[in-house]
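The structure file run_20.txt is reproduced below (compact mmCIF, C-alpha atoms).
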```txt
# COMPACT_ATOMS: atom_id res chain seq x y z
CA MET A 1 27.93 -48.16 54.84
CA MET A 2 30.48 -48.83 57.58
CA ARG A 3 33.08 -46.49 56.10
CA ASP A 4 30.50 -43.68 56.07
CA ARG A 5 30.12 -44.10 59.82
CA ASP A 6 33.90 -44.08 60.22
CA ALA A 7 34.13 -40.86 58.23
CA GLN A 8 31.46 -39.29 60.43
CA ARG A 9 33.12 -40.54 63.60
CA TYR A 10 36.50 -39.08 62.61
CA GLY A 11 35.03 -35.93 61.05
CA VAL A 12 36.64 -36.48 57.65
CA PRO A 13 35.15 -36.46 54.17
CA LEU A 14 34.56 -39.75 52.40
CA ILE A 15 35.61 -40.23 48.78
CA ILE A 16 35.46 -43.26 46.52
CA SER A 17 38.78 -42.73 44.79
CA GLU A 18 38.93 -45.64 42.42
CA PHE A 19 36.22 -47.55 40.60
CA GLY A 20 35.12 -48.29 37.09
CA ALA A 21 37.87 -50.43 35.61
CA CYS A 22 35.49 -51.41 32.85
CA THR A 23 34.74 -50.92 29.17
CA SER A 24 31.88 -49.22 27.33
CA SER A 25 29.58 -52.23 27.81
CA GLN A 26 26.11 -52.10 29.35
CA ASN A 27 27.47 -54.03 32.34
CA CYS A 28 29.97 -51.22 32.90
CA MET A 29 27.22 -48.59 32.70
CA ASN A 30 25.25 -50.57 35.29
CA GLU A 31 28.35 -50.70 37.53
CA ILE A 32 29.00 -46.97 37.19
CA ASN A 33 25.37 -46.08 37.83
CA SER A 34 25.24 -48.37 40.87
CA VAL A 35 28.34 -46.79 42.41
CA VAL A 36 27.42 -43.15 41.77
CA ASP A 37 23.81 -43.72 42.90
CA ALA A 38 25.15 -45.11 46.20
CA CYS A 39 27.52 -42.14 46.47
CA ASP A 40 24.58 -39.76 46.04
CA GLU A 41 22.60 -41.66 48.68
CA TYR A 42 25.44 -41.37 51.20
CA LEU A 43 26.60 -37.91 50.01
CA THR A 44 29.99 -39.37 49.18
CA SER A 45 32.44 -37.83 46.72
CA TRP A 46 33.82 -39.97 43.92
CA ALA A 47 36.30 -39.93 41.06
CA TYR A 48 36.42 -42.16 38.00
CA TRP A 49 40.04 -43.14 37.90
CA GLN A 50 41.04 -43.63 34.27
CA PHE A 51 40.75 -40.90 31.61
CA LYS A 52 42.62 -42.74 28.86
CA THR A 53 44.68 -45.88 28.37
CA TYR A 54 48.17 -45.74 29.85
CA MET A 55 49.11 -49.40 29.26
CA ASP A 56 48.13 -50.21 32.85
CA ILE A 57 49.29 -53.74 33.66
CA THR A 58 46.64 -54.08 36.38
CA THR A 59 43.73 -53.59 33.97
CA SER A 60 40.76 -55.93 33.98
CA ALA A 61 39.48 -54.74 30.59
CA GLY A 62 41.66 -57.03 28.50
CA ASP A 63 42.51 -55.41 25.18
CA THR A 64 39.68 -52.82 25.35
CA SER A 65 39.79 -49.38 26.93
CA GLU A 66 38.81 -48.58 30.51
CA GLY A 67 39.16 -44.85 29.87
CA PHE A 68 36.85 -42.46 28.08
CA TYR A 69 38.25 -43.22 24.62
CA GLU A 70 38.29 -46.28 22.41
CA LYS A 71 41.60 -47.31 20.86
CA ASN A 72 40.62 -45.47 17.67
CA GLY A 73 40.24 -42.21 19.64
CA THR A 74 36.42 -41.99 19.68
CA LEU A 75 34.71 -40.99 22.91
CA GLN A 76 32.88 -43.68 24.85
CA ARG A 77 29.80 -41.49 25.00
CA ASN A 78 27.72 -43.83 27.15
CA LYS A 79 30.45 -43.87 29.82
CA ALA A 80 30.89 -40.09 29.71
CA GLU A 81 27.12 -39.70 30.01
CA ALA A 82 26.91 -42.11 32.96
CA LEU A 83 29.51 -40.04 34.82
CA SER A 84 28.02 -36.62 33.93
CA ARG A 85 25.14 -36.55 36.36
CA SER A 86 23.74 -33.44 38.04
CA TYR A 87 24.92 -32.69 41.57
CA ILE A 88 25.18 -29.92 44.16
CA LYS A 89 28.62 -28.47 43.58
CA ALA A 90 28.49 -26.05 46.51
CA ALA A 91 25.75 -25.37 49.06
CA GLN A 92 25.00 -22.32 51.15
CA GLY A 93 24.97 -24.61 54.14
CA VAL A 94 25.13 -28.39 54.51
CA THR A 95 24.00 -30.66 51.68
CA LYS A 96 21.39 -33.11 52.98
CA LYS A 97 20.22 -34.96 49.86
CA MET A 98 21.11 -35.54 46.22
CA PHE A 99 19.38 -37.78 43.71
CA PHE A 100 19.71 -37.86 39.91
CA ASN A 101 17.14 -39.90 38.00
CA ARG A 102 18.95 -41.28 34.97
CA ASN A 103 15.66 -42.05 33.16
CA SER A 104 13.89 -38.70 33.52
CA TYR A 105 17.01 -36.56 34.12
CA ALA A 106 15.25 -35.07 37.13
CA PHE A 107 17.59 -33.95 39.89
CA GLU A 108 16.55 -33.48 43.47
CA GLY A 109 18.79 -31.93 46.06
CA SER A 110 18.37 -30.23 49.39
CA PHE A 111 20.55 -28.47 51.91
CA GLU A 112 20.27 -26.98 55.36
CA TYR A 113 20.74 -23.24 54.95
CA SER A 114 23.43 -21.48 56.97
CA SER A 115 23.60 -17.70 57.26
CA LYS A 116 27.32 -18.13 58.03
CA VAL A 117 28.00 -19.26 54.45
CA HIS A 118 28.24 -16.24 52.15
CA LYS A 119 28.68 -18.06 48.85
CA PRO A 120 25.77 -19.11 46.64
CA THR A 121 24.51 -22.65 46.12
CA THR A 122 25.58 -23.98 42.72
CA VAL A 123 24.35 -27.07 40.93
CA PHE A 124 26.19 -28.75 38.06
CA ILE A 125 23.99 -29.76 35.15
CA ASN A 126 25.24 -31.23 31.89
CA LYS A 127 23.43 -29.48 29.05
CA VAL A 128 25.27 -31.56 26.45
CA TYR A 129 23.78 -34.90 27.56
CA PHE A 130 20.64 -34.14 29.54
CA TYR A 131 19.15 -30.68 29.18
CA GLN A 132 19.51 -29.70 25.53
CA ASN A 133 15.97 -28.24 25.55
CA GLY A 134 16.42 -26.36 28.81
CA TYR A 135 15.42 -27.19 32.35
CA ASP A 136 13.07 -26.09 35.12
CA LEU A 137 14.39 -25.09 38.48
```
Let me see the structure of the file written as structure tokens.
Amino acid sequence: MMRDRDAQRYGVPLIISEFGACTSSQNCMNEINSVVDACDEYLTSWAYWQFKTYMDITTSAGDTSEGFYEKNGTLQRNKAEALSRSYIKAAQGVTKKMFFNRNSYAFEGSFEYSSKVHKPTTVFINKVYFYQNGYDL
């Protein structure tokens, strides 16, 4: 990823700030999963840009909703689930790896410990979608 190298060269964080102008279709889920998997691989932050419909004239979704809700107000659960993956929220050092397996819900993450960081490592896990029966750490 060229931009990743630019971010490293300039010492700035990299964030994908806009993606996912799509509906609740399987193609959209594939797009979302592809983007967030790549972001995990390159340890890149990301944000899904549309929460609900705001009559955006630049939309590519036609008369359907790009946000989290259908026009009738129901949650697009598959989209919310695709975006609710486990990740290292804060590390007691430098995060080196993150990977969330969408099929098994297994999450793997690692970091290089730093004794200079006095806050704990925290990992986000979504118990609503993935770990209803608990989890092993």
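Taking atom CA of A:Lys71 and atom CA of A:Ser17 as the two end points, the separation is 24.5 Å.
Taking atom CA of A:Asp136 as the reference point, atom CA of A:Thr121 is found at 16.2 Å.
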Among the residues A:Asn101, A:Phe51, A:Ser45, A:Asn133, the one that comes closest to A:Gln76 [using all atoms listed in the file]: A:Phe51
Long-range neighbours of A:Gly20 as an MDAnalysis selection string, 8 Å cut-off, only C-alpha atoms, 6 positions minimum in chain: chainID A and resid 28 31:32 48:49 66
A:Leu14 surroundings by all atoms listed in the file, 10 Å radius, close-in-sequence under 5 positions cut, as a list in words: Arg3, Asp4, Arg5, Asp6, Ala7, Gln8, Cys39, Tyr42, Leu43, Thr44, Ser45 and Trp46 of chain A
Shell of 10 Å around A:Leu83, all atoms listed in the file, local chain residues under 3 positions omitted, as a ChimeraX atom specification: /A:29,32-33,36,47-48,77-80,86
Selected residue of minimal separation from A:Asn126 among A:Arg85, A:Gln92, A:Ser104, A:Glu112, counting all atoms listed in the file: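 Looking only at the distances to A:Asn126, the closest residue turns out to be A:Arg85.
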Top pick for closest residue to A:Ser115, considering A:Tyr131, A:Ala91, A:Asp37, A:Phe99 and counting all atoms listed in the file: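 Among A:Tyr131, A:Ala91, A:Asp37, A:Phe99, it is A:Ala91 that comes nearest to A:Ser115.
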Selected residue of minimal separation from A:Ser34 among A:Gln50, A:Cys22, A:Asn72, A:Ala82, counting only C-alpha atoms: A:Ala82
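Using all atoms listed in the file, the shortest contact distance between A:Glu18 and any of A:Val35, A:Gly134, A:Lys89, A:Lys119 is found at A:Val35.
Distance-wise, atom CA of A:Ile125 and atom CA of A:Phe19 end up 22.3 Å apart.
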Sel. within 12 Å of pt (25.0, -22.9, 44.8), counting all atoms listed in the file, output as number ranges by chain: A: 87-95, 109-111, 113, 117-125
A:Lys97, A:Ser84, A:Thr74, A:Ser114 ranked by distance to A:Phe130, top pick (using all atoms listed in the file):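 The shortest atom-to-atom distance to A:Phe130 comes from A:Ser84.
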